[in-house]
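Undergrad: Data: coords.txt, compact mmCIF, C-alpha atoms.
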# COMPACT_ATOMS: atom_id res chain seq x y z
CA MET A 29 0.00 0.00 0.00
CA THR A 30 1.40 3.41 -0.98
CA PRO A 31 1.67 5.68 2.07
CA GLU A 32 -0.63 8.67 2.12
CA PRO A 33 1.16 12.03 2.03
CA VAL A 34 1.64 13.52 5.48
CA SER A 35 -0.27 16.74 6.15
CA ASN A 36 1.88 19.82 6.64
CA GLY A 37 -0.39 20.88 9.48
CA THR A 38 -1.99 23.78 7.64
CA GLN A 39 -4.86 21.79 6.03
CA PRO A 40 -7.29 19.23 7.52
CA PRO A 41 -5.84 15.74 6.95
CA ARG A 42 -7.73 13.17 4.94
CA ALA A 43 -10.05 11.06 7.09
CA PRO A 44 -8.35 7.76 7.94
CA HIS A 45 -9.79 4.38 7.00
CA PRO A 46 -12.35 3.27 9.64
CA THR A 47 -10.71 -0.11 10.32
CA GLN A 48 -7.37 -0.37 8.51
CA ARG A 49 -4.05 1.28 9.30
CA GLN A 50 -1.15 1.96 6.93
CA THR A 51 1.28 0.86 9.61
CA ALA A 52 0.48 -2.07 11.91
CA LEU A 53 0.50 -1.43 15.64
CA PRO A 54 2.91 -3.52 17.75
CA GLY A 55 0.14 -5.73 19.10
CA HIS A 56 -1.12 -6.63 15.61
CA ARG A 57 1.56 -9.30 15.25
CA PRO A 58 2.45 -12.13 17.63
CA LYS A 59 5.78 -12.11 19.38
CA PRO A 60 8.41 -13.32 16.91
CA VAL A 61 9.58 -16.90 17.49
CA GLU A 62 13.14 -15.80 16.93
CA ASP A 63 12.86 -13.71 20.09
CA ASP A 64 11.30 -16.55 22.10
CA PRO A 65 10.74 -20.03 20.56
CA ALA A 66 8.19 -20.90 23.29
CA ALA A 67 6.08 -17.80 22.65
CA ALA A 68 3.87 -19.35 19.95
CA LYS A 69 2.77 -22.24 22.15
CA ALA A 70 2.14 -19.94 25.10
CA LEU A 71 0.12 -17.56 22.95
CA ARG A 72 -2.01 -20.40 21.57
CA ALA A 73 -2.81 -21.54 25.11
CA ILE A 74 -3.96 -18.03 25.98
CA VAL A 75 -6.21 -17.34 22.99
CA GLU A 76 -7.78 -20.81 23.11
CA HIS A 77 -8.63 -20.58 26.82
CA SER A 78 -12.28 -19.90 27.72
CA SER A 79 -11.34 -16.85 29.76
CA TYR A 80 -10.21 -15.10 26.55
CA ARG A 81 -13.56 -15.57 24.77
CA GLU A 82 -15.77 -12.55 24.45
CA ALA A 83 -18.48 -12.82 27.09
CA ASP A 84 -21.41 -12.91 24.65
CA ARG A 85 -19.80 -15.84 22.80
CA ASP A 86 -18.83 -17.84 25.86
CA VAL A 87 -21.71 -20.29 26.31
CA GLU A 88 -20.14 -21.90 29.36
CA PHE A 89 -19.92 -18.49 31.04
CA LEU A 90 -23.48 -17.54 30.08
CA ASN A 91 -24.85 -20.80 31.49
CA GLN A 92 -23.58 -20.15 35.02
CA ASP A 93 -26.02 -19.52 37.87
CA ASP A 94 -24.58 -16.03 38.33
CA THR A 95 -25.49 -14.99 34.78
CA ARG A 96 -29.11 -16.10 34.98
CA GLY A 97 -30.28 -12.48 35.07
CA VAL A 98 -28.60 -11.80 31.75
CA ARG A 99 -30.16 -14.91 30.22
CA LEU A 100 -33.61 -13.83 31.42
CA GLN A 101 -33.12 -10.45 29.77
CA LEU A 102 -32.02 -12.02 26.49
CA ASP A 103 -34.88 -14.54 26.57
CA TYR A 104 -37.30 -11.62 26.85
CA LEU A 105 -35.59 -9.15 24.56
CA LYS A 106 -35.11 -11.25 21.43
CA ALA A 107 -38.82 -11.99 21.02
CA GLU A 108 -39.83 -8.47 22.06
CA LEU A 109 -37.66 -6.78 19.45
CA LEU A 110 -38.75 -9.11 16.66
CA LEU A 111 -42.45 -8.70 17.49
CA LYS A 112 -42.00 -4.93 17.37
CA GLN A 113 -40.14 -5.14 14.07
CA HIS A 114 -43.09 -7.04 12.60
CA ASN A 115 -45.59 -4.49 13.93
CA VAL A 116 -47.43 -7.02 16.09
CA ALA A 117 -49.70 -4.93 18.31
CA HIS A 118 -52.35 -7.46 19.36
CA THR A 119 -52.42 -11.21 19.78
CA ILE A 120 -55.25 -13.68 20.14
CA VAL A 121 -53.73 -16.41 22.27
CA VAL A 122 -54.92 -19.97 21.66
CA PHE A 123 -54.27 -22.79 24.12
CA GLY A 124 -55.33 -26.41 23.92
CA GLY A 125 -54.23 -30.02 24.06
CA THR A 126 -51.23 -31.26 22.13
CA ARG A 127 -52.94 -34.66 21.74
CA VAL A 128 -55.91 -33.29 19.77
CA VAL A 129 -55.00 -34.23 16.21
CA GLU A 130 -56.75 -33.89 12.86
CA ALA A 131 -59.40 -36.49 12.04
CA ASP A 132 -57.37 -38.51 9.50
CA ALA A 133 -54.49 -38.97 11.94
CA ALA A 134 -56.90 -39.88 14.76
CA HIS A 135 -58.67 -42.51 12.63
CA ARG A 136 -55.37 -43.94 11.42
CA HIS A 137 -54.06 -44.38 14.95
CA ALA A 138 -57.30 -45.96 16.13
CA ALA A 139 -57.26 -48.39 13.20
CA GLU A 140 -53.71 -49.48 14.06
CA LEU A 141 -54.72 -50.15 17.66
CA ALA A 142 -57.87 -51.98 16.57
CA ALA A 143 -55.80 -54.26 14.34
CA ALA A 144 -53.36 -54.94 17.17
CA LEU A 145 -56.21 -55.71 19.56
CA ALA A 146 -57.81 -58.05 17.04
CA ALA A 147 -54.55 -59.99 16.98
CA ASP A 148 -54.38 -60.06 20.78
CA PRO A 149 -57.92 -59.63 22.18
CA ASP A 150 -56.87 -60.33 25.79
CA ASP A 151 -54.50 -57.37 25.98
CA ALA A 152 -56.16 -55.01 28.47
CA SER A 153 -53.62 -52.26 27.79
CA LEU A 154 -54.42 -52.28 24.09
CA ARG A 155 -58.14 -52.16 24.85
CA HIS A 156 -57.63 -49.12 27.08
CA ARG A 157 -55.49 -47.35 24.50
CA LEU A 158 -58.07 -48.02 21.81
CA ALA A 159 -60.83 -46.52 23.94
CA ILE A 160 -58.75 -43.36 24.38
CA ALA A 161 -57.96 -43.27 20.65
CA GLN A 162 -61.67 -43.38 19.93
CA ARG A 163 -62.17 -40.37 22.20
CA VAL A 164 -59.41 -38.58 20.32
CA ILE A 165 -61.40 -39.18 17.13
CA VAL A 166 -64.40 -37.46 18.72
CA ASN A 167 -62.23 -34.59 19.96
CA SER A 168 -60.61 -34.11 16.56
CA ARG A 169 -63.50 -31.76 15.77
CA TYR A 170 -61.74 -29.25 18.00
CA TYR A 171 -58.75 -29.36 15.65
CA ASP A 172 -61.02 -28.32 12.79
CA LEU A 173 -62.62 -25.67 14.97
CA ALA A 174 -59.27 -24.19 16.04
CA ARG A 175 -58.11 -24.16 12.42
CA ALA A 176 -61.25 -22.31 11.35
CA PHE A 177 -60.79 -19.83 14.18
CA GLY A 178 -57.18 -19.18 13.17
CA THR A 179 -58.46 -18.30 9.70
CA LEU A 180 -60.98 -15.81 11.09
CA VAL A 181 -58.33 -14.01 13.12
CA ALA A 182 -55.94 -13.97 10.15
CA GLU A 183 -58.62 -12.40 7.94
CA ALA A 184 -58.80 -9.42 10.30
CA GLY A 185 -55.06 -9.35 10.95
CA SER A 186 -54.23 -6.14 9.12
CA CYS A 187 -57.20 -4.24 10.57
CA GLY A 188 -56.15 -3.93 14.19
CA ARG A 189 -56.07 -0.59 15.88
CA GLY A 190 -52.43 0.42 16.17
CA GLY A 191 -50.94 -2.61 14.46
CA ARG A 192 -51.43 -6.19 13.37
CA ILE A 193 -53.65 -8.74 15.11
CA MET A 194 -52.11 -12.20 15.02
CA VAL A 195 -52.77 -15.68 16.33
CA MET A 196 -50.28 -16.68 19.02
CA THR A 197 -49.87 -20.24 20.29
CA GLY A 198 -47.31 -22.29 22.15
CA GLY A 199 -45.97 -23.38 18.78
CA GLY A 200 -46.49 -27.09 19.38
CA PRO A 201 -48.78 -29.77 17.94
CA GLY A 202 -52.49 -30.40 18.42
CA ILE A 203 -54.73 -27.40 18.96
CA MET A 204 -51.76 -25.04 18.68
CA GLU A 205 -50.88 -26.47 15.28
CA ALA A 206 -54.48 -26.13 14.15
CA ALA A 207 -54.73 -22.43 15.06
CA ASN A 208 -51.41 -21.62 13.36
CA ARG A 209 -52.51 -23.69 10.38
CA GLY A 210 -55.69 -21.67 9.99
CA ALA A 211 -53.64 -18.52 9.47
CA HIS A 212 -51.23 -20.41 7.23
CA ASP A 213 -54.15 -21.54 5.05
CA LEU A 214 -54.65 -17.90 4.07
CA GLY A 215 -50.98 -17.27 3.53
CA ARG A 216 -50.94 -15.09 6.65
CA GLY A 217 -48.45 -15.11 9.50
CA SER A 218 -48.87 -16.38 13.03
CA ILE A 219 -46.73 -16.63 16.14
CA GLY A 220 -45.43 -19.63 18.09
CA LEU A 221 -43.75 -19.52 21.48
CA ASN A 222 -41.97 -22.83 21.90
CA ILE A 223 -40.15 -23.92 25.06
CA VAL A 224 -36.94 -25.88 25.60
CA LEU A 225 -37.66 -29.20 27.33
CA PRO A 226 -35.40 -32.08 28.39
CA GLN A 227 -36.71 -34.06 25.41
CA GLU A 228 -36.40 -32.09 22.18
CA GLN A 229 -39.69 -30.92 20.74
CA TYR A 230 -40.31 -29.46 17.33
CA PRO A 231 -42.46 -26.46 16.46
CA ASN A 232 -45.41 -27.17 14.21
CA PRO A 233 -44.71 -26.38 10.54
CA TYR A 234 -47.39 -23.69 10.23
CA VAL A 235 -45.83 -21.00 12.42
CA SER A 236 -44.18 -18.11 10.55
CA PRO A 237 -40.42 -18.82 10.62
CA GLU A 238 -39.64 -15.20 11.52
CA LEU A 239 -42.09 -15.33 14.45
CA CYS A 240 -41.33 -18.73 15.96
CA PHE A 241 -39.37 -18.40 19.20
CA SER A 242 -37.68 -20.93 21.45
CA PHE A 243 -37.68 -19.89 25.12
CA HIS A 244 -35.51 -21.24 27.89
CA TYR A 245 -37.64 -19.88 30.74
CA PHE A 246 -41.33 -20.66 31.20
CA ALA A 247 -41.73 -17.34 33.03
CA ILE A 248 -40.56 -15.28 30.05
CA ARG A 249 -42.70 -17.33 27.70
CA LYS A 250 -45.74 -16.69 29.90
CA LEU A 251 -44.90 -12.98 29.92
CA HIS A 252 -44.92 -12.84 26.14
CA PHE A 253 -48.19 -14.76 25.99
CA LEU A 254 -49.88 -11.89 27.82
CA LEU A 255 -47.98 -8.72 26.86
CA ARG A 256 -50.02 -8.23 23.67
CA ALA A 257 -52.91 -10.56 24.41
CA ARG A 258 -56.35 -9.22 23.53
CA ALA A 259 -58.13 -12.50 24.15
CA LEU A 260 -57.45 -15.97 25.48
CA VAL A 261 -59.19 -18.82 23.66
CA VAL A 262 -58.89 -22.13 25.48
CA PHE A 263 -59.73 -25.43 23.82
CA PRO A 264 -59.87 -28.78 25.64
CA GLY A 265 -56.45 -29.68 26.97
CA GLY A 266 -54.46 -31.09 29.85
CA TYR A 267 -52.17 -29.81 32.60
CA GLY A 268 -50.43 -27.21 30.47
CA THR A 269 -53.71 -25.80 29.21
CA LEU A 270 -55.16 -25.69 32.72
CA ASP A 271 -52.02 -23.99 34.01
CA GLU A 272 -52.32 -21.15 31.49
CA LEU A 273 -56.09 -20.79 31.94
CA PHE A 274 -56.10 -20.57 35.73
CA GLU A 275 -53.08 -18.30 35.77
CA VAL A 276 -54.83 -15.81 33.48
CA LEU A 277 -58.07 -15.99 35.45
CA ASN A 278 -56.15 -15.28 38.66
CA LEU A 279 -54.27 -12.36 37.11
CA VAL A 280 -57.54 -10.83 35.89
CA GLN A 281 -59.33 -11.59 39.18
CA THR A 282 -56.66 -9.68 41.11
CA ARG A 283 -56.40 -7.02 38.34
CA LYS A 284 -52.71 -7.68 38.05
CA ILE A 285 -53.48 -7.44 34.34
CA ALA A 286 -56.34 -5.62 32.65
CA PRO A 287 -59.40 -7.79 32.02
CA LEU A 288 -59.56 -9.45 28.62
CA PRO A 289 -61.93 -11.92 26.97
CA VAL A 290 -61.44 -15.52 28.07
CA VAL A 291 -63.35 -18.06 25.99
CA LEU A 292 -63.61 -21.74 26.89
CA VAL A 293 -64.38 -23.81 23.81
CA GLY A 294 -66.52 -26.88 24.37
CA GLU A 295 -68.77 -26.34 27.37
CA ALA A 296 -69.44 -30.06 27.90
CA TYR A 297 -65.72 -30.71 28.31
CA TRP A 298 -65.07 -27.80 30.61
CA ARG A 299 -68.08 -28.54 32.81
CA ARG A 300 -66.55 -31.95 33.49
CA VAL A 301 -63.06 -30.56 34.16
CA PHE A 302 -64.04 -27.90 36.69
CA ASP A 303 -67.21 -26.34 38.03
CA PRO A 304 -66.92 -22.62 38.76
CA ASP A 305 -70.41 -22.61 40.25
CA VAL A 306 -69.15 -24.91 43.01
CA LEU A 307 -66.35 -22.43 43.69
CA VAL A 308 -68.94 -19.66 44.06
CA GLU A 309 -71.22 -21.78 46.28
CA GLU A 310 -68.30 -22.78 48.51
CA GLY A 311 -67.20 -19.16 48.89
CA MET A 312 -63.91 -19.75 47.11
CA ILE A 313 -64.54 -17.10 44.45
CA ASP A 314 -67.02 -14.25 44.14
CA LEU A 315 -69.93 -14.26 41.73
CA GLU A 316 -68.23 -11.62 39.60
CA ASP A 317 -65.26 -13.97 39.18
CA ARG A 318 -67.60 -16.45 37.53
CA GLU A 319 -68.16 -13.82 34.85
CA LEU A 320 -64.51 -13.64 33.81
CA PHE A 321 -65.06 -16.16 30.99
CA TRP A 322 -67.74 -17.66 28.80
CA PHE A 323 -68.28 -20.79 26.71
CA ALA A 324 -68.44 -21.07 22.93
CA GLU A 325 -68.94 -23.89 20.45
CA THR A 326 -68.06 -22.51 17.00
CA ALA A 327 -65.26 -20.45 15.51
CA GLU A 328 -67.73 -17.75 14.50
CA ASP A 329 -69.16 -17.56 18.02
CA ILE A 330 -65.69 -17.22 19.53
CA TRP A 331 -64.65 -14.37 17.24
CA THR A 332 -67.98 -12.56 17.38
CA GLY A 333 -67.96 -12.80 21.17
CA ILE A 334 -64.48 -11.28 21.38
CA LEU A 335 -65.42 -8.40 19.08
CA THR A 336 -68.63 -7.79 21.02
CA TRP A 337 -66.72 -7.75 24.33
CA TYR A 338 -64.52 -4.92 23.04
CA GLU A 339 -67.38 -3.02 21.43
CA THR A 340 -69.26 -3.13 24.71
CA ALA A 341 -66.17 -1.91 26.55
CA GLY A 342 -66.00 1.08 24.21
CA ALA A 343 -62.64 0.04 22.75
CA PRO A 344 -63.22 -1.77 19.43
CA LEU A 345 -60.47 -4.23 18.63
CA ILE A 346 -60.45 -3.58 14.88
CA ARG A 347 -60.88 -0.44 12.86
CA SER A 348 -64.41 0.65 12.00
CA ASP A 349 -63.38 1.35 8.38
CA ASN A 350 -62.87 -2.37 7.82
CA GLY A 351 -66.27 -2.96 6.26
CA LYS A 352 -67.83 -6.31 7.10
CA GLN A 353 -65.16 -7.27 9.61
CA GLY A 354 -65.47 -3.96 11.45
CA GLY A 355 -68.94 -4.73 12.72
CA ILE A 356 -70.34 -7.27 15.10
Now that the file is in, can you turn its structure into structure tokens?
TA:
Amino acid sequence: MTPEPVSNGTQPPRAPHPTQRQTALPGHRPKPVEDDPAAAKALRAIVEHSSYREADRDVEFLNQDDTRGVRLQLDYLKAELLLKQHNVAHTIVVFGGTRVVEADAAHRHAAELAAALAADPDDASLRHRLAIAQRVIVNSRYYDLARAFGTLVAEAGSCGRGGRIMVMTGGGPGIMEAANRGAHDLGRGSIGLNIVLPQEQYPNPYVSPELCFSFHYFAIRKLHFLLRARALVVFPGGYGTLDELFEVLNLVQTRKIAPLPVVLVGEAYWRRVFDPDVLVEEGMIDLEDRELFWFAETAEDIWTGILTWYETAGAPLIRSDNGKQGGI
């Protein structure tokens, strides 16, 4: 490289290159081996040691107990920044069982069990599993319902007040897959908040790649479920579904968060799982707490109920200039 002429001090010098120098600094080269033959080995030991890694690239350092606070911040911040970048203002959160599959898959599994039982009719375990598989066939209607609901939300997605309205799920199979799939059917985006578990789990293939997140901490995942939530729609499910439902009801009951629509899909199922009227009668909750949710049976009823809730509250969820979808 030809050296630049040196300024005589009477004119402003030319701006130097932002990263390159004409003359290397002393520390830009390792100590010459001719000065110390052992220097190269010693230097290699230094630069390869974990202590020399930059902190944000040192996984072992970041995984220590003492850096948990930093990991919590990063777990929160990555999803938050990406959701903002994609102008996600409102989410309709859908929970439900991971074992609720589409009808074809449910029938196929039941047929396999029926064939196995026919070959071994005295196997009580097979008989029990077949009975459950037959219930899964019945419950597969909820997969179709969640898929239809995801489509309804996606249709109104660009009409939210202040930003996009999007379906948000836990990103897994079953009901979550169905809701994401409903948006995917229209070529629209949806959000999935997956969680790291001891056994690897895969996100369902219908979540938007740019809006599918993998969380380390359940607490941060729960936070993101509610930060933009404008409704909670809960389909039949198990422990995880119940956990999210009761947590939200408690947060609304105590006004730790602002009230929002909570819709339980499938009254017959939910009446068997828990009876809020018993809680009222036993003095465990107040009558007004019984009014924190309602039941619905169709995708149209769920969506219309949510829109009506906001209209009644004087804060419509979607813009009034949206034509058919702007009304109730």
Undergrad: Under the rule that all atoms listed in the file are counted, which of A:Tyr297, A:Leu277, A:Leu111, A:Glu82 is the nearest residue to Arg163 in chain A?
TA: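 Between A:Tyr297, A:Leu277, A:Leu111, A:Glu82, the residue approaching Arg163 in chain A most closely is A:Tyr297.
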Undergrad: List the neighbours of range 194-209 of chain A out to 7 Å using all atoms listed in the file; skip same-chain residues closer than 5 positions along the sequence, and give me the result as an MDAnalysis selection string.
TA: chainID A and resid 118:129 171 174:175 177:178 181:182 185 218:222 230:232 234:235
Undergrad: Quick one: distance from CA of Asn167 in chain A to CA of Leu141 in chain A in Å, one decimal?
TA: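 Computing it gives 17.4 Å between the two atoms.
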Undergrad: Which neighbours of range 142-148 of chain A fall inside 12 Å, counting only C-alpha atoms, when residues of the same chain fewer than 5 positions from it are skipped, and could you give them as a PDB file with C-alpha atoms, in the frame of the given file?
TA:
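Writing the result to part_38.pdb gives the following:
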ATOM      1  CA  HIS A 135     -58.670 -42.510  12.630  1.00  0.00           C
ATOM      2  CA  ARG A 136     -55.370 -43.940  11.420  1.00  0.00           C
ATOM      3  CA  HIS A 137     -54.060 -44.380  14.950  1.00  0.00           C
ATOM      4  CA  SER A 153     -53.620 -52.260  27.790  1.00  0.00           C
ATOM      5  CA  LEU A 154     -54.420 -52.280  24.090  1.00  0.00           C
ATOM      6  CA  ARG A 155     -58.140 -52.160  24.850  1.00  0.00           C
ATOM      7  CA  HIS A 156     -57.630 -49.120  27.080  1.00  0.00           C
ATOM      8  CA  ARG A 157     -55.490 -47.350  24.500  1.00  0.00           C
ATOM      9  CA  LEU A 158     -58.070 -48.020  21.810  1.00  0.00           C
ATOM     10  CA  ALA A 159     -60.830 -46.520  23.940  1.00  0.00           C
ATOM     11  CA  ILE A 160     -58.750 -43.360  24.380  1.00  0.00           C
ATOM     12  CA  ALA A 161     -57.960 -43.270  20.650  1.00  0.00           C
ATOM     13  CA  GLN A 162     -61.670 -43.380  19.930  1.00  0.00           C
TER      14      GLN A 162
END
Undergrad: Need to verify the contact set: range 187-192 of chain A, 12 Å, all atoms listed in the file, exclusion of same-chain residues closer than 2 positions in sequence. Can you return it as a PyMOL selection string?
TA: chain A and resi 111-120+181-185+194-196+216-219+256-258+335+338+343-355
Undergrad: Those residues with C-alpha atoms, as a PDB file, keeping the file's coordinate frame please?
TA:
ATOM      1  CA  LEU A 111     -42.450  -8.700  17.490  1.00  0.00           C
ATOM      2  CA  LYS A 112     -42.000  -4.930  17.370  1.00  0.00           C
ATOM      3  CA  GLN A 113     -40.140  -5.140  14.070  1.00  0.00           C
ATOM      4  CA  HIS A 114     -43.090  -7.040  12.600  1.00  0.00           C
ATOM      5  CA  ASN A 115     -45.590  -4.490  13.930  1.00  0.00           C
ATOM      6  CA  VAL A 116     -47.430  -7.020  16.090  1.00  0.00           C
ATOM      7  CA  ALA A 117     -49.700  -4.930  18.310  1.00  0.00           C
ATOM      8  CA  HIS A 118     -52.350  -7.460  19.360  1.00  0.00           C
ATOM      9  CA  THR A 119     -52.420 -11.210  19.780  1.00  0.00           C
ATOM     10  CA  ILE A 120     -55.250 -13.680  20.140  1.00  0.00           C
ATOM     11  CA  VAL A 181     -58.330 -14.010  13.120  1.00  0.00           C
ATOM     12  CA  ALA A 182     -55.940 -13.970  10.150  1.00  0.00           C
ATOM     13  CA  GLU A 183     -58.620 -12.400   7.940  1.00  0.00           C
ATOM     14  CA  ALA A 184     -58.800  -9.420  10.300  1.00  0.00           C
ATOM     15  CA  GLY A 185     -55.060  -9.350  10.950  1.00  0.00           C
ATOM     16  CA  MET A 194     -52.110 -12.200  15.020  1.00  0.00           C
ATOM     17  CA  VAL A 195     -52.770 -15.680  16.330  1.00  0.00           C
ATOM     18  CA  MET A 196     -50.280 -16.680  19.020  1.00  0.00           C
ATOM     19  CA  ARG A 216     -50.940 -15.090   6.650  1.00  0.00           C
ATOM     20  CA  GLY A 217     -48.450 -15.110   9.500  1.00  0.00           C
ATOM     21  CA  SER A 218     -48.870 -16.380  13.030  1.00  0.00           C
ATOM     22  CA  ILE A 219     -46.730 -16.630  16.140  1.00  0.00           C
ATOM     23  CA  ARG A 256     -50.020  -8.230  23.670  1.00  0.00           C
ATOM     24  CA  ALA A 257     -52.910 -10.560  24.410  1.00  0.00           C
ATOM     25  CA  ARG A 258     -56.350  -9.220  23.530  1.00  0.00           C
ATOM     26  CA  LEU A 335     -65.420  -8.400  19.080  1.00  0.00           C
ATOM     27  CA  TYR A 338     -64.520  -4.920  23.040  1.00  0.00           C
ATOM     28  CA  ALA A 343     -62.640   0.040  22.750  1.00  0.00           C
ATOM     29  CA  PRO A 344     -63.220  -1.770  19.430  1.00  0.00           C
ATOM     30  CA  LEU A 345     -60.470  -4.230  18.630  1.00  0.00           C
ATOM     31  CA  ILE A 346     -60.450  -3.580  14.880  1.00  0.00           C
ATOM     32  CA  ARG A 347     -60.880  -0.440  12.860  1.00  0.00           C
ATOM     33  CA  SER A 348     -64.410   0.650  12.000  1.00  0.00           C
ATOM     34  CA  ASP A 349     -63.380   1.350   8.380  1.00  0.00           C
ATOM     35  CA  ASN A 350     -62.870  -2.370   7.820  1.00  0.00           C
ATOM     36  CA  GLY A 351     -66.270  -2.960   6.260  1.00  0.00           C
ATOM     37  CA  LYS A 352     -67.830  -6.310   7.100  1.00  0.00           C
ATOM     38  CA  GLN A 353     -65.160  -7.270   9.610  1.00  0.00           C
ATOM     39  CA  GLY A 354     -65.470  -3.960  11.450  1.00  0.00           C
ATOM     40  CA  GLY A 355     -68.940  -4.730  12.720  1.00  0.00           C
TER      41      GLY A 355
END
Undergrad: Can you tell me which residues surround range 242-255 of chain A at a distance of at most 6 Å, considering all atoms listed in the file, apart from same-chain residues fewer than 3 positions away, and format the answer as a list in words?
TA: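 Selected residues are Tyr104, Asn222, Ile223 and Val224 of chain A.
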Undergrad: Residues at most 12 Å from Arg99 in chain A, counting all atoms listed in the file, excluding those fewer than 2 positions away in the same chain, as a list in words?
TA: Asp84, Val87, Phe89, Leu90, Asn91, Gln92, Asp93, Asp94, Thr95, Arg96, Gly97, Gln101, Leu102, Asp103, Tyr104, Leu105, Lys106, Phe243, His244, Tyr245 and Ile248 of chain A
Undergrad: Any idea what the distance is between CA of Glu228 in chain A and CA of Ala107 in chain A?
TA: 20.3 Å
